[in-house]
$ cat entry-v3.cif   # mmCIF, C-alpha atoms
data_work
#
loop_
_atom_site.label_atom_id
_atom_site.label_comp_id
_atom_site.auth_asym_id
_atom_site.auth_seq_id
_atom_site.Cartn_x
_atom_site.Cartn_y
_atom_site.Cartn_z
CA MET E 1391 -15.87 -75.10 -30.33
CA SER E 1392 -16.37 -75.52 -26.60
CA THR E 1393 -16.61 -79.03 -25.27
CA LEU E 1394 -17.97 -80.49 -22.08
CA LYS E 1395 -15.35 -80.92 -19.35
CA PRO E 1396 -15.46 -83.34 -17.62
CA GLU E 1397 -17.58 -85.69 -19.71
CA VAL E 1398 -20.80 -87.11 -18.33
CA ASN E 1399 -19.87 -89.38 -15.44
CA SER E 1400 -21.18 -91.18 -12.39
CA ASN E 1401 -21.38 -87.95 -10.36
CA ASP E 1402 -24.02 -86.65 -12.73
CA HIS E 1403 -27.77 -86.76 -12.43
CA ILE E 1404 -28.84 -88.62 -15.53
CA GLN E 1405 -32.36 -89.13 -16.77
CA GLY E 1406 -33.09 -91.62 -19.49
CA ASN E 1407 -31.47 -94.46 -21.23
CA ASP E 1408 -27.74 -95.22 -21.08
CA THR E 1409 -27.76 -96.48 -24.64
CA ALA E 1410 -29.39 -93.30 -26.01
CA SER E 1411 -27.69 -91.90 -29.08
CA VAL E 1412 -28.07 -88.28 -27.96
CA THR E 1413 -26.97 -86.91 -24.60
CA ILE E 1414 -28.18 -83.43 -23.68
CA VAL E 1415 -26.47 -81.68 -20.79
CA GLU E 1416 -28.06 -78.55 -19.39
CA PHE E 1417 -26.22 -76.09 -17.18
CA GLY E 1418 -28.99 -74.35 -15.31
CA ASP E 1419 -30.03 -72.19 -12.41
CA TYR E 1420 -33.37 -72.80 -10.65
CA GLN E 1421 -33.95 -69.07 -10.24
CA CYS E 1422 -33.16 -68.22 -13.85
CA GLN E 1423 -36.30 -67.35 -15.72
CA PHE E 1424 -34.91 -68.59 -19.04
CA CYS E 1425 -34.21 -71.99 -17.45
CA GLY E 1426 -37.75 -71.96 -16.12
CA ASP E 1427 -39.02 -71.25 -19.62
CA ALA E 1428 -36.87 -74.04 -21.07
CA TYR E 1429 -38.04 -76.62 -18.54
CA PRO E 1430 -41.42 -77.58 -20.07
CA ILE E 1431 -39.87 -77.69 -23.54
CA LEU E 1432 -37.16 -80.04 -22.33
CA LYS E 1433 -39.92 -82.25 -20.92
CA GLU E 1434 -41.54 -82.22 -24.35
CA ILE E 1435 -38.24 -83.17 -25.95
CA GLU E 1436 -37.82 -86.04 -23.52
CA GLU E 1437 -41.32 -87.28 -24.33
CA ALA E 1438 -40.96 -86.86 -28.06
CA PHE E 1439 -37.65 -88.67 -28.35
CA GLY E 1440 -38.02 -91.18 -25.55
CA ARG E 1441 -35.23 -93.73 -25.49
CA GLN E 1442 -33.20 -91.89 -28.10
CA ILE E 1443 -32.07 -89.23 -25.65
CA ARG E 1444 -30.60 -88.96 -22.22
CA PHE E 1445 -30.74 -85.79 -20.15
CA VAL E 1446 -28.20 -84.53 -17.62
CA PHE E 1447 -28.50 -81.48 -15.39
CA ARG E 1448 -25.53 -79.63 -13.93
CA HIS E 1449 -25.83 -76.64 -11.64
CA PHE E 1450 -24.72 -73.22 -12.74
CA PRO E 1451 -26.11 -70.92 -10.07
CA LEU E 1452 -25.59 -67.19 -10.68
CA ALA E 1453 -25.33 -66.47 -6.99
CA ASN E 1454 -24.86 -62.70 -7.23
CA ALA E 1455 -27.83 -62.25 -9.51
CA HIS E 1456 -30.11 -64.82 -7.87
CA GLN E 1457 -30.16 -65.13 -4.11
CA TYR E 1458 -31.98 -68.49 -4.07
CA ALA E 1459 -29.98 -70.11 -6.85
CA VAL E 1460 -27.44 -71.85 -4.61
CA PRO E 1461 -29.93 -72.87 -1.90
CA ALA E 1462 -32.16 -74.31 -4.62
CA ALA E 1463 -29.28 -76.28 -6.13
CA LEU E 1464 -28.46 -77.61 -2.66
CA ALA E 1465 -32.09 -78.58 -2.13
CA ALA E 1466 -32.05 -80.61 -5.33
CA GLU E 1467 -28.80 -82.31 -4.31
CA ALA E 1468 -30.12 -82.99 -0.79
CA ALA E 1469 -33.21 -84.60 -2.33
CA GLY E 1470 -30.82 -86.57 -4.52
CA LEU E 1471 -29.29 -88.16 -1.44
CA GLN E 1472 -32.74 -89.60 -0.80
CA GLY E 1473 -33.05 -90.75 -4.39
CA LYS E 1474 -35.32 -87.89 -5.44
CA PHE E 1475 -33.14 -85.42 -7.31
CA TRP E 1476 -35.47 -85.24 -10.31
CA GLU E 1477 -38.60 -84.91 -8.19
CA MET E 1478 -37.09 -81.86 -6.50
CA HIS E 1479 -35.70 -80.55 -9.79
CA ASP E 1480 -39.19 -80.65 -11.29
CA ALA E 1481 -40.81 -79.20 -8.18
CA LEU E 1482 -38.36 -76.28 -8.15
CA PHE E 1483 -39.09 -75.36 -11.74
CA ASP E 1484 -42.84 -75.95 -11.34
CA ASN E 1485 -42.79 -73.53 -8.41
CA GLN E 1486 -40.16 -71.11 -9.68
CA TYR E 1487 -42.67 -68.25 -9.71
CA ARG E 1488 -42.85 -68.40 -5.92
CA LEU E 1489 -39.27 -69.37 -5.13
CA ASP E 1490 -38.14 -68.17 -1.72
CA GLY E 1491 -36.33 -69.44 1.35
CA ASP E 1492 -39.42 -71.17 2.79
CA LEU E 1493 -40.23 -73.14 -0.32
CA PHE E 1494 -37.59 -75.86 0.04
CA ASP E 1495 -39.00 -77.51 3.18
CA GLU E 1496 -42.49 -77.35 1.74
CA LEU E 1497 -41.37 -79.08 -1.46
CA ALA E 1498 -39.38 -81.63 0.53
CA GLU E 1499 -42.57 -82.56 2.37
CA THR E 1500 -44.57 -82.65 -0.84
CA ILE E 1501 -42.21 -85.21 -2.34
CA ASP E 1502 -42.06 -87.19 0.91
CA LEU E 1503 -38.50 -86.63 1.97
CA ASP E 1504 -37.22 -87.26 5.47
CA LEU E 1505 -37.35 -83.57 6.39
CA GLU E 1506 -34.77 -83.58 9.15
CA ARG E 1507 -32.23 -85.35 6.98
CA PHE E 1508 -33.04 -83.05 4.07
CA GLN E 1509 -32.41 -79.96 6.20
CA GLN E 1510 -29.07 -81.29 7.45
CA ASP E 1511 -27.93 -82.31 3.99
CA SER E 1512 -28.93 -78.94 2.52
CA VAL E 1513 -26.20 -77.22 4.52
CA SER E 1514 -23.51 -79.89 4.14
CA ASP E 1515 -20.06 -79.00 2.82
CA ALA E 1516 -20.01 -82.06 0.61
CA LEU E 1517 -23.08 -80.94 -1.30
CA ARG E 1518 -21.79 -77.40 -1.54
CA GLU E 1519 -18.66 -78.85 -3.10
CA LYS E 1520 -20.76 -80.87 -5.54
CA VAL E 1521 -22.55 -77.70 -6.66
CA ASP E 1522 -19.23 -75.82 -6.90
CA ASN E 1523 -17.80 -78.64 -9.01
CA ASP E 1524 -20.72 -78.39 -11.40
CA PHE E 1525 -20.18 -74.64 -11.66
CA ASP E 1526 -16.47 -75.18 -12.25
CA SER E 1527 -17.25 -77.67 -14.99
CA GLY E 1528 -19.48 -75.04 -16.59
CA VAL E 1529 -16.80 -72.36 -16.51
CA ARG E 1530 -14.26 -74.76 -18.03
CA SER E 1531 -16.71 -75.88 -20.67
CA GLY E 1532 -17.43 -72.35 -21.85
CA VAL E 1533 -20.86 -71.85 -20.32
CA ASN E 1534 -21.76 -68.23 -21.07
CA GLY E 1535 -25.16 -67.97 -19.46
CA THR E 1536 -28.06 -70.10 -18.39
CA PRO E 1537 -29.38 -72.29 -19.70
CA SER E 1538 -26.43 -73.59 -21.74
CA PHE E 1539 -26.80 -76.88 -23.57
CA TYR E 1540 -24.26 -79.49 -24.70
CA VAL E 1541 -25.20 -82.13 -27.21
CA ASN E 1542 -22.98 -85.21 -27.16
CA GLY E 1543 -20.27 -83.20 -25.47
CA THR E 1544 -20.26 -80.13 -27.72
CA LYS E 1545 -21.70 -76.75 -26.85
CA PHE E 1546 -24.94 -76.07 -28.63
CA ASP E 1547 -25.18 -72.46 -29.76
CA GLY E 1548 -28.84 -71.81 -29.36
CA GLY E 1549 -31.83 -71.87 -27.05
CA VAL E 1550 -34.09 -74.75 -26.20
CA THR E 1551 -36.42 -74.23 -29.18
CA ASP E 1552 -33.41 -74.32 -31.52
CA LEU E 1553 -32.36 -77.49 -29.77
CA TYR E 1554 -35.80 -79.06 -30.29
CA GLN E 1555 -35.73 -78.11 -33.97
CA MET E 1556 -32.22 -79.49 -34.43
CA LEU E 1557 -33.28 -82.81 -32.88
CA LYS E 1558 -36.37 -83.00 -35.09
CA ASP E 1559 -34.28 -82.28 -38.18
CA SER E 1560 -31.62 -84.82 -37.31
CA THR E 1561 -34.03 -87.67 -36.58
CA THR E 1562 -36.28 -87.35 -39.59
CA MET T 483 -7.74 -55.40 -33.19
CA LEU T 484 -4.47 -55.42 -31.33
CA GLU T 485 -2.80 -58.80 -31.30
CA LYS T 486 -0.68 -60.84 -28.94
CA GLY T 487 2.73 -59.33 -28.24
CA THR T 488 1.64 -55.68 -28.65
CA ILE T 489 2.20 -53.27 -25.77
CA ALA T 490 -1.26 -52.53 -24.37
CA PRO T 491 -2.09 -48.84 -24.91
CA ASP T 492 -2.35 -47.03 -21.60
CA PHE T 493 -5.58 -45.26 -20.64
CA GLU T 494 -7.21 -43.44 -17.81
CA LEU T 495 -10.97 -43.82 -17.48
CA ASN T 496 -13.67 -43.12 -14.93
CA ALA T 497 -14.91 -46.12 -13.03
CA ARG T 498 -17.48 -45.13 -10.44
CA PRO T 499 -17.89 -41.41 -9.68
CA GLY T 500 -14.70 -40.15 -8.07
CA GLU T 501 -12.63 -43.18 -9.08
CA LYS T 502 -10.30 -43.24 -12.05
CA ILE T 503 -8.52 -46.34 -13.31
CA LYS T 504 -5.14 -46.03 -14.98
CA LEU T 505 -3.95 -49.13 -16.78
CA LYS T 506 -0.29 -48.53 -15.96
CA ASP T 507 -1.05 -48.62 -12.22
CA PHE T 508 -1.70 -52.33 -12.67
CA LYS T 509 1.78 -53.30 -13.87
CA GLY T 510 2.77 -56.40 -11.94
CA LYS T 511 -0.73 -57.85 -12.20
CA ASN T 512 -2.51 -59.58 -15.01
CA VAL T 513 -5.32 -57.47 -16.43
CA ILE T 514 -8.42 -58.58 -18.31
CA LEU T 515 -10.18 -56.02 -20.50
CA ALA T 516 -13.68 -57.00 -21.52
CA PHE T 517 -15.09 -54.59 -24.10
CA TYR T 518 -18.85 -54.97 -24.55
CA PRO T 519 -21.43 -52.99 -26.53
CA ALA T 520 -23.71 -51.71 -23.79
CA ASP T 521 -25.01 -51.97 -20.26
CA TRP T 522 -28.43 -53.50 -19.59
CA SER T 523 -28.53 -56.61 -21.73
CA PRO T 524 -30.70 -59.49 -20.41
CA VAL T 525 -29.35 -60.78 -17.13
CA CYS T 526 -29.06 -64.55 -17.38
CA SER T 527 -26.99 -64.52 -20.51
CA ASP T 528 -25.15 -61.34 -19.65
CA GLN T 529 -21.40 -61.39 -20.03
CA MET T 530 -20.72 -59.09 -17.07
CA ALA T 531 -22.99 -61.16 -14.81
CA LEU T 532 -20.96 -64.22 -15.74
CA TYR T 533 -17.62 -62.56 -14.98
CA ASN T 534 -19.06 -61.41 -11.69
CA GLU T 535 -19.63 -65.05 -10.75
CA VAL T 536 -16.17 -66.20 -11.78
CA LEU T 537 -14.17 -63.38 -10.13
CA ARG T 538 -12.56 -65.83 -7.74
CA TYR T 539 -11.10 -67.70 -10.71
CA PHE T 540 -9.50 -64.49 -11.96
CA THR T 541 -8.20 -63.61 -8.49
CA ARG T 542 -6.55 -67.02 -8.28
CA HIS T 543 -4.51 -66.02 -11.34
CA ASP T 544 -3.61 -62.63 -9.88
CA ALA T 545 -5.78 -60.92 -12.46
CA GLU T 546 -7.97 -57.82 -12.34
CA ILE T 547 -10.92 -57.54 -14.68
CA PHE T 548 -12.39 -54.35 -16.09
CA GLY T 549 -15.51 -54.13 -18.21
CA LEU T 550 -15.48 -51.32 -20.78
CA SER T 551 -18.25 -49.77 -22.80
CA VAL T 552 -19.12 -46.32 -24.13
CA ASP T 553 -21.79 -45.89 -21.45
CA SER T 554 -21.27 -43.04 -18.99
CA MET T 555 -20.06 -43.65 -15.44
CA TRP T 556 -23.53 -42.89 -14.05
CA CYS T 557 -25.05 -45.50 -16.31
CA HIS T 558 -22.35 -47.96 -15.22
CA ALA T 559 -23.00 -47.12 -11.57
CA ALA T 560 -26.71 -47.87 -11.92
CA PHE T 561 -26.04 -51.05 -13.91
CA ALA T 562 -23.41 -52.30 -11.46
CA GLU T 563 -25.70 -51.67 -8.52
CA ASN T 564 -28.68 -53.31 -10.17
CA ARG T 565 -26.67 -56.40 -11.11
CA ASN T 566 -24.64 -56.52 -7.92
CA LEU T 567 -21.36 -56.41 -9.85
CA HIS T 568 -18.14 -56.58 -7.85
CA PHE T 569 -15.61 -55.31 -10.40
CA PRO T 570 -15.14 -51.93 -12.09
CA LEU T 571 -16.92 -50.92 -15.27
CA LEU T 572 -14.99 -48.23 -17.12
CA ALA T 573 -16.67 -45.44 -19.05
CA ASP T 574 -15.07 -45.11 -22.50
CA PHE T 575 -17.30 -42.08 -22.85
CA GLU T 576 -15.33 -38.92 -23.63
CA PRO T 577 -13.91 -38.82 -26.19
CA LYS T 578 -16.38 -41.53 -27.05
CA GLY T 579 -14.85 -44.93 -27.65
CA ALA T 580 -11.28 -43.62 -27.64
CA VAL T 581 -9.92 -46.65 -25.80
CA ALA T 582 -11.89 -49.08 -27.95
CA LYS T 583 -10.41 -47.32 -30.99
CA ALA T 584 -6.89 -47.60 -29.58
CA TYR T 585 -7.42 -51.34 -29.16
CA GLY T 586 -8.99 -51.63 -32.61
CA VAL T 587 -12.40 -52.78 -31.42
CA TYR T 588 -14.68 -49.80 -32.10
CA ASP T 589 -17.64 -50.26 -34.40
CA GLU T 590 -18.27 -46.97 -36.22
CA LYS T 591 -21.66 -48.15 -37.50
CA THR T 592 -23.22 -48.76 -34.10
CA GLY T 593 -21.16 -46.25 -32.18
CA THR T 594 -20.26 -48.85 -29.58
CA SER T 595 -17.30 -51.08 -28.94
CA GLU T 596 -17.30 -54.59 -30.27
CA ARG T 597 -17.41 -57.57 -27.94
CA ALA T 598 -13.71 -58.18 -27.43
CA LEU T 599 -11.42 -59.62 -24.78
CA PHE T 600 -7.80 -58.85 -23.97
CA VAL T 601 -5.56 -60.48 -21.41
CA ILE T 602 -2.60 -58.26 -20.57
CA ASP T 603 0.40 -59.72 -18.79
CA LYS T 604 2.26 -58.32 -15.80
CA GLU T 605 4.65 -56.37 -18.05
CA GLY T 606 1.77 -54.66 -19.85
CA LYS T 607 1.92 -56.71 -23.02
CA ILE T 608 -1.12 -58.23 -24.68
CA ALA T 609 -0.92 -61.98 -24.09
CA TRP T 610 -4.23 -62.95 -25.71
CA SER T 611 -7.03 -61.25 -27.55
CA TYR T 612 -10.35 -62.44 -28.87
CA LEU T 613 -13.07 -60.83 -30.93
CA SER T 614 -16.48 -62.40 -30.36
CA PRO T 615 -19.47 -62.17 -32.69
CA ILE T 616 -21.44 -59.23 -31.31
CA ALA T 617 -24.44 -61.32 -30.23
CA VAL T 618 -22.38 -64.10 -28.65
CA ASN T 619 -21.25 -63.92 -25.05
CA PRO T 620 -17.76 -65.45 -25.21
CA GLY T 621 -17.81 -66.97 -21.73
CA ALA T 622 -14.82 -67.16 -19.42
CA ASP T 623 -13.01 -70.29 -20.59
CA GLY T 624 -10.80 -68.48 -23.13
CA ILE T 625 -9.68 -65.93 -20.53
CA LEU T 626 -8.86 -68.67 -18.05
CA ALA T 627 -6.90 -70.66 -20.60
CA ALA T 628 -4.86 -67.53 -21.40
CA LEU T 629 -4.19 -66.87 -17.71
CA GLU T 630 -3.16 -70.48 -17.19
CA ALA T 631 -0.78 -70.28 -20.15
CA LEU T 632 0.82 -67.17 -18.61
CA GLU T 633 1.40 -68.98 -15.37
CA GLN T 634 3.16 -71.82 -17.14
CA GLN T 635 5.66 -69.53 -18.85
#

$ encode --input "entry-v3.cif" --output "structure tokens"
Amino acid sequence: MSTLKPEVNSNDHIQGNDTASVTIVEFGDYQCQFCGDAYPILKEIEEAFGRQIRFVFRHFPLANAHQYAVPAALAAEAAGLQGKFWEMHDALFDNQYRLDGDLFDELAETIDLDLERFQQDSVSDALREKVDNDFDSGVRSGVNGTPSFYVNGTKFDGGVTDLYQMLKDSTT
Amino acid sequence: MLEKGTIAPDFELNARPGEKIKLKDFKGKNVILAFYPADWSPVCSDQMALYNEVLRYFTRHDAEIFGLSVDSMWCHAAFAENRNLHFPLLADFEPKGAVAKAYGVYDEKTGTSERALFVIDKEGKIAWSYLSPIAVNPGADGILAALEALEQQ
């Protein structure tokens, strides 16, 4: 059974309550259609289970298959430096159908980022390293495609609807 | 399936048109053989797409990876181009599945190879093998652990 390496830590983007009993980690790619399909369902899960769950996103860009996957991950991280990782994360998935190289600045303006700073950060080595570290963590943890989910540190063998069902079953 | 410690059966297969790969030419390097049922499975969860992204990890361990299926070399060529793959796919095509059979990972019912991984050491001996459920992409972590173990010997 594959386990999450390293465990959830302070470098992660974490949504939800620290005392939640269930931590879901997604390894995802903003250009991956299956991640795009999973996104609204994950939102539903977060709403349905509220304080019981906490959600973490790590980047797993398939750069050879998806030309905007790495730039999109960098855009999310650059927004994160201005405290708006999740706003950009949501905006990227909401606009996945029209993802291209011009979209990032537009989204940055939509969520009120300092555009100049955003553009500089988007090409910084430090953020590239952050994205690479996420990818590395995925490889080590046995990610075999996107999205891959980990529940409380153990790889979940199934898609997002299976995940939803499992959570429903385990909380009723 | 062939187990750890067995000498890896040699083979010569077509990669892209005009290019043949002989296993014994790779003595002195670690070799990863990834048998898979067929080209053209969905991209985001595709095993070959994943290996394509982690090639640099394999290179770091002085390892070459080859994907093998019973598809023809022209099918492989189209698949590799479409998916932007940067490593050779070998056509275990004629006689069909002969290499998969030699490694004990041919499925007679479906007429394809199973989903199986082998890590072969620099002397040509199998150092690690793994048979995955056919529908489950086994990821890269097992391969990397095997390569790391080889380095520590």

$ closest_residue --input "entry-v3.cif" --among "E:Thr1544, E:Gln1423, E:Ser1411, E:Ser1392" --to "Ile1443 in chain E" --atoms "only C-alpha atoms"
E:Ser1411

$ resolve_selection --input "entry-v3.cif" --expression "the PyMOL selection byres ((chain E) within 8 of (chain T))" --output "NGL selection string"
:E and (1422-1424 or 1452-1455 or 1529-1536)

$ write_last_selection --input "entry-v3.cif" --atoms "C-alpha atoms" --output "PDB file, in the coordinates of the input"
ATOM      1  CA  CYS E1422     -33.160 -68.220 -13.850  1.00  0.00           C
ATOM      2  CA  GLN E1423     -36.300 -67.350 -15.720  1.00  0.00           C
ATOM      3  CA  PHE E1424     -34.910 -68.590 -19.040  1.00  0.00           C
ATOM      4  CA  LEU E1452     -25.590 -67.190 -10.680  1.00  0.00           C
ATOM      5  CA  ALA E1453     -25.330 -66.470  -6.990  1.00  0.00           C
ATOM      6  CA  ASN E1454     -24.860 -62.700  -7.230  1.00  0.00           C
ATOM      7  CA  ALA E1455     -27.830 -62.250  -9.510  1.00  0.00           C
ATOM      8  CA  VAL E1529     -16.800 -72.360 -16.510  1.00  0.00           C
ATOM      9  CA  ARG E1530     -14.260 -74.760 -18.030  1.00  0.00           C
ATOM     10  CA  SER E1531     -16.710 -75.880 -20.670  1.00  0.00           C
ATOM     11  CA  GLY E1532     -17.430 -72.350 -21.850  1.00  0.00           C
ATOM     12  CA  VAL E1533     -20.860 -71.850 -20.320  1.00  0.00           C
ATOM     13  CA  ASN E1534     -21.760 -68.230 -21.070  1.00  0.00           C
ATOM     14  CA  GLY E1535     -25.160 -67.970 -19.460  1.00  0.00           C
ATOM     15  CA  THR E1536     -28.060 -70.100 -18.390  1.00  0.00           C
TER      16      THR E1536
END

$ resolve_selection --input "entry-v3.cif" --expression "the PyMOL selection byres ((chain T and resi 609) around 8)" --output "JSON, numbers by chain"
{"T": [486, 487, 600, 601, 602, 603, 607, 608, 610, 611, 628, 632]}

$ atom_distance --input "entry-v3.cif" --atom1 "CA of Asp1492 in chain E" --atom2 "CA of Ile1431 in chain E"
27.1 Å

$ residues_around --input "entry-v3.cif" --residues "Asp1502 in chain E" --least-positions-apart "4" --cutoff "12 Å" --atoms "all atoms listed in the file" --output "list in words"
Ala1469, Gln1472, Gly1473, Lys1474, Glu1477, Met1478, Asp1495, Glu1496, Leu1497, Ala1498, Glu1506, Arg1507 and Phe1508 of chain E

$ closest_residue --input "entry-v3.cif" --among "E:Ala1468, E:Val1541, E:Leu1557, E:Ala1462" --to "Thr1393 in chain E" --atoms "all atoms listed in the file"
E:Val1541

$ atom_distance --input "entry-v3.cif" --atom1 "CA of Phe1539 in chain E" --atom2 "CA of Asn1399 in chain E"
16.4 Å

$ atom_distance --input "entry-v3.cif" --atom1 "CA of Asp507 in chain T" --atom2 "CA of Leu495 in chain T"
12.2 Å

$ resolve_selection --input "entry-v3.cif" --expression "the PyMOL selection byres ((chain T and resi 546) around 7)" --output "ChimeraX atom specification"
/T:512-514,540-541,544-545,547-548

$ write_last_selection --input "entry-v3.cif" --atoms "C-alpha atoms" --output "PDB file, keeping the file's coordinate frame"
ATOM      1  CA  ASN T 512      -2.510 -59.580 -15.010  1.00  0.00           C
ATOM      2  CA  VAL T 513      -5.320 -57.470 -16.430  1.00  0.00           C
ATOM      3  CA  ILE T 514      -8.420 -58.580 -18.310  1.00  0.00           C
ATOM      4  CA  PHE T 540      -9.500 -64.490 -11.960  1.00  0.00           C
ATOM      5  CA  THR T 541      -8.200 -63.610  -8.490  1.00  0.00           C
ATOM      6  CA  ASP T 544      -3.610 -62.630  -9.880  1.00  0.00           C
ATOM      7  CA  ALA T 545      -5.780 -60.920 -12.460  1.00  0.00           C
ATOM      8  CA  ILE T 547     -10.920 -57.540 -14.680  1.00  0.00           C
ATOM      9  CA  PHE T 548     -12.390 -54.350 -16.090  1.00  0.00           C
TER      10      PHE T 548
END

$ residues_near_point --input "entry-v3.cif" --point "(-23.3, -40.1, -14.8)" --cutoff "12 Å" --atoms "only C-alpha atoms" --output "list of chain:residue names"
T:Asn496, T:Ala497, T:Arg498, T:Pro499, T:Gly500, T:Val552, T:Asp553, T:Ser554, T:Met555, T:Trp556, T:Cys557, T:His558, T:Ala559, T:Ala560, T:Phe561, T:Leu572, T:Ala573, T:Phe575, T:Glu576

$ closest_residue --input "entry-v3.cif" --among "E:Phe1450, E:Gly1418, E:Ala1465, E:Glu1434" --to "Phe1525 in chain E" --atoms "all atoms listed in the file"
E:Phe1450

$ closest_residue --input "entry-v3.cif" --among "E:Asp1490, E:Asp1427, E:Asp1408, E:Glu1467" --to "Leu1517 in chain E" --atoms "only C-alpha atoms"
E:Glu1467

$ closest_residue --input "entry-v3.cif" --among "T:Ala580, T:Ile489, T:Leu629, T:Val587" --to "Tyr612 in chain T" --atoms "only C-alpha atoms"
T:Val587

$ build_atoms --input "entry-v3.cif" --residues "range 1397-1414 of chain E" --atoms "N, CA and C atoms" --output "PDB file, keeping the file's coordinate frame"
ATOM      1  N   GLU E1397     -16.466 -85.024 -19.028  1.00  0.00           N
ATOM      2  CA  GLU E1397     -17.580 -85.690 -19.710  1.00  0.00           C
ATOM      3  C   GLU E1397     -18.620 -86.175 -18.697  1.00  0.00           C
ATOM      4  N   VAL E1398     -19.756 -86.565 -19.199  1.00  0.00           N
ATOM      5  CA  VAL E1398     -20.800 -87.110 -18.330  1.00  0.00           C
ATOM      6  C   VAL E1398     -20.241 -88.306 -17.570  1.00  0.00           C
ATOM      7  N   ASN E1399     -20.460 -88.326 -16.274  1.00  0.00           N
ATOM      8  CA  ASN E1399     -19.870 -89.380 -15.440  1.00  0.00           C
ATOM      9  C   ASN E1399     -20.803 -89.761 -14.292  1.00  0.00           C
ATOM     10  N   SER E1400     -20.311 -90.622 -13.426  1.00  0.00           N
ATOM     11  CA  SER E1400     -21.180 -91.180 -12.390  1.00  0.00           C
ATOM     12  C   SER E1400     -21.578 -90.164 -11.317  1.00  0.00           C
ATOM     13  N   ASN E1401     -20.942 -88.994 -11.296  1.00  0.00           N
ATOM     14  CA  ASN E1401     -21.380 -87.950 -10.360  1.00  0.00           C
ATOM     15  C   ASN E1401     -22.593 -87.188 -10.873  1.00  0.00           C
ATOM     16  N   ASP E1402     -22.942 -87.418 -12.126  1.00  0.00           N
ATOM     17  CA  ASP E1402     -24.020 -86.650 -12.730  1.00  0.00           C
ATOM     18  C   ASP E1402     -25.394 -87.225 -12.411  1.00  0.00           C
ATOM     19  N   HIS E1403     -26.376 -86.327 -12.481  1.00  0.00           N
ATOM     20  CA  HIS E1403     -27.770 -86.760 -12.430  1.00  0.00           C
ATOM     21  C   HIS E1403     -28.214 -86.981 -13.867  1.00  0.00           C
ATOM     22  N   ILE E1404     -28.548 -88.220 -14.149  1.00  0.00           N
ATOM     23  CA  ILE E1404     -28.840 -88.620 -15.530  1.00  0.00           C
ATOM     24  C   ILE E1404     -30.251 -89.171 -15.607  1.00  0.00           C
ATOM     25  N   GLN E1405     -31.005 -88.651 -16.571  1.00  0.00           N
ATOM     26  CA  GLN E1405     -32.360 -89.130 -16.770  1.00  0.00           C
ATOM     27  C   GLN E1405     -32.423 -89.774 -18.140  1.00  0.00           C
ATOM     28  N   GLY E1406     -32.969 -90.979 -18.190  1.00  0.00           N
ATOM     29  CA  GLY E1406     -33.090 -91.620 -19.490  1.00  0.00           C
ATOM     30  C   GLY E1406     -32.118 -92.770 -19.656  1.00  0.00           C
ATOM     31  N   ASN E1407     -32.045 -93.173 -20.898  1.00  0.00           N
ATOM     32  CA  ASN E1407     -31.470 -94.460 -21.230  1.00  0.00           C
ATOM     33  C   ASN E1407     -29.975 -94.352 -21.524  1.00  0.00           C
ATOM     34  N   ASP E1408     -29.190 -95.231 -20.894  1.00  0.00           N
ATOM     35  CA  ASP E1408     -27.740 -95.220 -21.080  1.00  0.00           C
ATOM     36  C   ASP E1408     -27.304 -95.470 -22.518  1.00  0.00           C
ATOM     37  N   THR E1409     -28.143 -96.156 -23.264  1.00  0.00           N
ATOM     38  CA  THR E1409     -27.760 -96.480 -24.640  1.00  0.00           C
ATOM     39  C   THR E1409     -28.276 -95.447 -25.638  1.00  0.00           C
ATOM     40  N   ALA E1410     -28.846 -94.345 -25.129  1.00  0.00           N
ATOM     41  CA  ALA E1410     -29.390 -93.300 -26.010  1.00  0.00           C
ATOM     42  C   ALA E1410     -28.293 -92.773 -26.928  1.00  0.00           C
ATOM     43  N   SER E1411     -28.703 -92.387 -28.131  1.00  0.00           N
ATOM     44  CA  SER E1411     -27.690 -91.900 -29.080  1.00  0.00           C
ATOM     45  C   SER E1411     -27.382 -90.414 -28.870  1.00  0.00           C
ATOM     46  N   VAL E1412     -28.284 -89.704 -28.184  1.00  0.00           N
ATOM     47  CA  VAL E1412     -28.070 -88.280 -27.960  1.00  0.00           C
ATOM     48  C   VAL E1412     -28.074 -87.985 -26.464  1.00  0.00           C
ATOM     49  N   THR E1413     -27.004 -87.340 -25.985  1.00  0.00           N
ATOM     50  CA  THR E1413     -26.970 -86.910 -24.600  1.00  0.00           C
ATOM     51  C   THR E1413     -27.028 -85.391 -24.561  1.00  0.00           C
ATOM     52  N   ILE E1414     -28.039 -84.878 -23.845  1.00  0.00           N
ATOM     53  CA  ILE E1414     -28.180 -83.430 -23.680  1.00  0.00           C
ATOM     54  C   ILE E1414     -27.784 -83.080 -22.260  1.00  0.00           C
TER      55      ILE E1414
END
